[in-house]
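Pasted below: final01.cif, mmCIF, C-alpha atoms and all ligand atoms.
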data_final
#
loop_
_atom_site.label_atom_id
_atom_site.label_comp_id
_atom_site.auth_asym_id
_atom_site.auth_seq_id
_atom_site.Cartn_x
_atom_site.Cartn_y
_atom_site.Cartn_z
CA MET P 684 57.23 99.25 122.16
CA GLN P 685 59.56 102.11 123.02
CA PHE P 686 63.34 101.77 122.78
CA LEU P 687 65.54 104.82 123.37
CA GLY P 688 62.56 107.00 122.62
CA VAL P 689 61.82 105.28 119.29
CA GLU P 690 58.68 103.30 118.61
CA LEU P 691 59.71 99.77 117.54
CA ASP P 692 57.89 96.65 116.50
CA LYS P 693 58.74 93.76 118.87
CA TYR P 694 60.44 91.79 116.04
CA GLU P 695 62.49 94.86 115.14
CA PHE P 696 63.49 95.11 118.77
CA ARG P 697 64.52 91.41 118.86
CA ALA P 698 66.57 91.81 115.67
CA LEU P 699 68.27 94.88 117.15
CA LEU P 700 68.97 93.07 120.42
CA THR P 701 70.39 90.04 118.58
CA ALA P 702 72.67 92.30 116.51
CA MET P 703 73.92 94.04 119.67
CA VAL P 704 74.63 90.71 121.40
CA VAL P 705 76.47 89.37 118.32
CA MET P 706 78.54 92.60 118.04
CA THR P 707 79.43 92.43 121.74
CA ILE P 708 80.57 88.79 121.42
CA PHE P 709 82.58 89.75 118.32
CA ILE P 710 84.34 92.67 120.02
CA PHE P 711 85.20 90.61 123.13
CA SER P 712 86.45 87.75 120.90
CA MET P 713 88.79 90.19 119.13
CA LEU P 714 90.07 91.55 122.46
CA TYR P 715 90.57 87.97 123.72
CA VAL P 716 92.61 86.96 120.66
CA VAL P 717 94.79 90.08 120.84
CA GLY P 718 95.26 89.85 124.61
CA ALA P 719 95.15 86.28 125.91
CA GLN P 720 96.30 84.56 122.71
CA ARG P 721 98.97 87.22 122.04
CA SER P 722 98.00 87.38 118.41
CA ASP P 723 99.25 90.35 116.46
CA VAL P 724 98.62 91.86 113.08
CA PRO P 725 101.13 92.93 110.41
CA GLN P 726 102.54 96.44 110.85
CA CYS P 727 103.18 98.93 108.07
CA VAL P 728 106.67 100.44 107.96
CA ASN P 729 107.70 103.51 105.93
CA PHE P 730 109.22 102.40 102.64
CA ASP P 731 112.65 103.34 101.38
CA LYS P 732 114.83 101.72 98.72
CA SER P 733 117.02 99.93 101.31
CA TYR P 734 114.17 97.46 101.81
CA LEU P 735 114.70 96.27 98.22
CA THR P 736 118.05 94.74 99.26
CA PRO P 737 117.33 91.21 100.49
CA ARG P 738 119.34 90.12 103.53
CA VAL P 739 119.32 88.40 106.90
CA ASP P 740 120.73 90.46 109.78
CA LYS P 741 121.72 88.66 112.94
CA ILE P 742 121.04 90.90 115.93
CA ASP P 743 122.13 88.35 118.55
CA ASP P 744 122.14 84.54 118.94
CA SER P 745 118.37 84.31 118.96
CA THR P 746 117.20 87.49 117.22
CA TYR P 747 117.20 88.02 113.47
CA GLU P 748 115.86 90.51 110.96
CA VAL P 749 114.92 89.20 107.54
CA TYR P 750 114.56 91.73 104.71
CA MET P 751 112.47 89.73 102.27
CA VAL P 752 111.94 90.83 98.69
CA ALA P 753 109.28 89.21 96.53
CA GLN P 754 109.49 89.43 92.75
CA MET P 755 108.23 87.44 89.78
CA TRP P 756 108.67 84.53 90.63
CA GLY P 757 110.62 83.99 93.78
CA PHE P 758 111.63 85.32 97.16
CA GLN P 759 115.03 86.62 98.15
CA PRO P 760 116.56 85.36 100.40
CA ASP P 761 115.13 81.99 99.37
CA GLU P 762 116.69 80.05 102.24
CA ILE P 763 117.09 81.27 105.81
CA ARG P 764 118.93 79.24 108.46
CA ILE P 765 118.30 80.03 112.10
CA PRO P 766 118.70 78.22 115.42
CA VAL P 767 115.76 76.86 117.42
CA GLY P 768 114.22 79.51 119.66
CA SER P 769 114.92 82.39 117.28
CA THR P 770 112.70 85.43 117.08
CA VAL P 771 112.57 86.84 113.58
CA ASP P 772 111.30 90.21 112.37
CA PHE P 773 110.25 89.89 108.73
CA TYR P 774 110.29 93.06 106.63
CA LEU P 775 108.52 92.32 103.36
CA THR P 776 108.25 94.25 100.12
CA SER P 777 107.89 93.55 96.40
CA LYS P 778 109.95 94.61 93.39
CA ASP P 779 107.02 94.38 90.99
CA VAL P 780 103.44 93.17 91.36
CA VAL P 781 101.47 92.17 94.46
CA HIS P 782 102.64 88.90 95.98
CA GLY P 783 101.58 86.90 99.02
CA PHE P 784 103.77 85.70 101.87
CA TYR P 785 102.58 82.78 103.93
CA ILE P 786 104.75 80.73 106.29
CA ASP P 787 103.44 77.19 106.56
CA GLY P 788 102.92 76.18 110.19
CA LYS P 789 103.05 79.75 111.55
CA ASP P 790 100.35 82.41 111.73
CA VAL P 791 102.25 84.68 109.36
CA ASN P 792 100.26 85.78 106.33
CA MET P 793 101.13 89.06 104.62
CA MET P 794 100.92 90.85 101.29
CA ALA P 795 104.00 92.16 99.46
CA GLU P 796 103.48 95.37 97.48
CA TYR P 797 105.95 97.64 95.73
CA GLY P 798 106.38 100.88 97.69
CA ASN P 799 105.17 99.34 100.94
CA VAL P 800 106.91 97.45 103.72
CA THR P 801 104.99 95.05 105.93
CA LYS P 802 106.50 93.81 109.17
CA ARG P 803 105.64 90.78 111.20
CA THR P 804 107.47 88.99 114.02
CA ALA P 805 107.53 85.23 114.49
CA LYS P 806 109.21 82.95 117.00
CA PHE P 807 110.48 79.54 115.91
CA THR P 808 110.53 77.20 118.90
CA THR P 809 110.40 73.91 116.97
CA ALA P 810 113.12 72.60 114.65
CA GLY P 811 112.12 71.91 111.08
CA VAL P 812 111.78 73.26 107.58
CA TYR P 813 109.12 75.95 107.24
CA LYS P 814 108.01 76.61 103.69
CA ILE P 815 107.08 80.07 102.53
CA PHE P 816 104.51 80.37 99.74
CA CYS P 817 103.16 83.14 97.57
CA HIS P 818 99.40 82.89 97.99
CA GLU P 819 98.42 85.71 95.63
CA TYR P 820 98.19 84.93 91.91
CA CYS P 821 101.02 86.94 90.36
CA GLY P 822 101.52 85.54 86.86
CA VAL P 823 102.56 82.40 85.01
CA GLY P 824 105.28 81.44 87.50
CA HIS P 825 103.13 81.96 90.61
CA GLN P 826 103.05 78.28 91.57
CA ASN P 827 106.86 78.13 91.71
CA MET P 828 107.18 81.01 94.11
CA GLU P 829 108.46 79.68 97.40
CA ALA P 830 111.28 79.89 99.92
CA ARG P 831 112.15 78.11 103.13
CA ILE P 832 113.27 78.68 106.67
CA ILE P 833 115.47 75.96 108.15
CA VAL P 834 115.22 76.01 111.94
CA GLY P 835 117.67 73.98 113.94
CA PHE P 836 121.08 75.31 113.07
CA PRO P 837 123.30 76.20 116.03
CA SER P 838 123.97 79.93 115.83
CA ASN P 839 127.77 79.41 115.48
CA GLN P 840 127.19 77.72 112.12
CA GLN P 841 125.70 80.79 110.50
CU1 LIG X 901 104.00 85.81 93.71
CU2 LIG X 901 102.10 84.46 93.40
#

For the file at hand, write its structure as structure tokens.
Amino acid sequence: MQFLGVELDKYEFRALLTAMVVMTIFIFSMLYVVGAQRSDVPQCVNFDKSYLTPRVDKIDDSTYEVYMVAQMWGFQPDEIRIPVGSTVDFYLTSKDVVHGFYIDGKDVNMMAEYGNVTKRTAKFTTAGVYKIFCHEYCGVGHQNMEARIIVGFPSNQQ
């Protein structure tokens, strides 16, 4: 049979058609997740040495910026206290090797690399303790590499 001016076997044509249908479903699924589900992906930010200084900046009562530094074998800051309803921008980098950064219970999953800054925003609407893990094997102390976010502190107790 002819397809776009090319002679194809009917099984070839079916395989091609199946691949096109699968690709179309895949592309629309991606658009759905980005649009309707408001999912987002980590952003890359230009690196400079100021990102190697760990800190939590309070922008207002419900907006924070966390400058997170991973190094063998821990995260700094290792404890972050924020009120319920806070929106947090995480800026992540590493002082040495490649580390992982995963917040349990949130869809935040990033890599920390020296010379790169990765940014991701998360909103914490439920009180609780959210653990952060390194999920990339980074040496003998890898399994001890964690931090936590404590959500539920009134902002005037910062
Ligand atoms: Cu850092 Cu594993």

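Shortest separation to Met755 in chain P among P:Gly835, P:Gly822, P:Gly811, P:Gly688 occurs at residue P:Gly822, atoms counted being all atoms listed in the file.
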
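Near ligand LIG 901 (chain X), at distances of 10 Å or less and with only C-alpha atoms and all ligand atoms counted, sit the residues Ala753, Gln754, Met755, Trp756, Gly757, Phe758, Ser777, Asp779, Val780, Val781, His782, Gly783, Phe784, Met794, Ala795, Phe816, Cys817, His818, Glu819, Tyr820, Cys821, Gly822, Val823, Gly824, His825, Gln826, Asn827, Met828 and Glu829 of chain P.
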
Centre, x/y/z edge lengths, axis-aligned box for range 701-716 of chain P with 5 Å per side, as lines of an AutoDock Vina configuration file:
center_x = 81.5
center_y = 90.5
center_z = 120.1
size_x = 32.2
size_y = 17.1
size_z = 17.2

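CA of Pro737 in chain P to CA of Val749 in chain P spans 7.7 Å [interatomic distance, one decimal].
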
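For the pair CA of Ile815 in chain P and CA of Ile786 in chain P, the interatomic distance is 4.5 Å.
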
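Taking CA of Val717 in chain P and CA of Asp790 in chain P as the two end points, the separation is 13.1 Å.
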
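Every protein or nucleic acid residue with an atom no more than 6 Å from Arg803 in chain P, counting all atoms listed in the file and leaving out same-chain residues fewer than 3 positions away, appears here: Pro725, Asp772 and Phe773 of chain P.
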
Do you know which residues are at most 7 Å from Ile832 in chain P counting only C-alpha atoms, after dropping those on the same chain fewer than 4 positions away, and could you put them as a list of chain:residue names? P:Glu762, P:Ile763, P:Arg764, P:Val812, P:Tyr813, P:Lys814

Residues from last step as file, C-alpha atoms, as a compact mmCIF listing (two decimals), in the coordinates of the input:
# COMPACT_ATOMS: atom_id res chain seq x y z
CA GLU P 762 116.69 80.05 102.24
CA ILE P 763 117.09 81.27 105.81
CA ARG P 764 118.93 79.24 108.46
CA VAL P 812 111.78 73.26 107.58
CA TYR P 813 109.12 75.95 107.24
CA LYS P 814 108.01 76.61 103.69

Please determine, counting all atoms listed in the file, which residue among P:Val791, P:Ala805, P:Leu775, P:Leu714 has the shortest atom-to-atom distance to Cys727 in chain P. P:Leu775
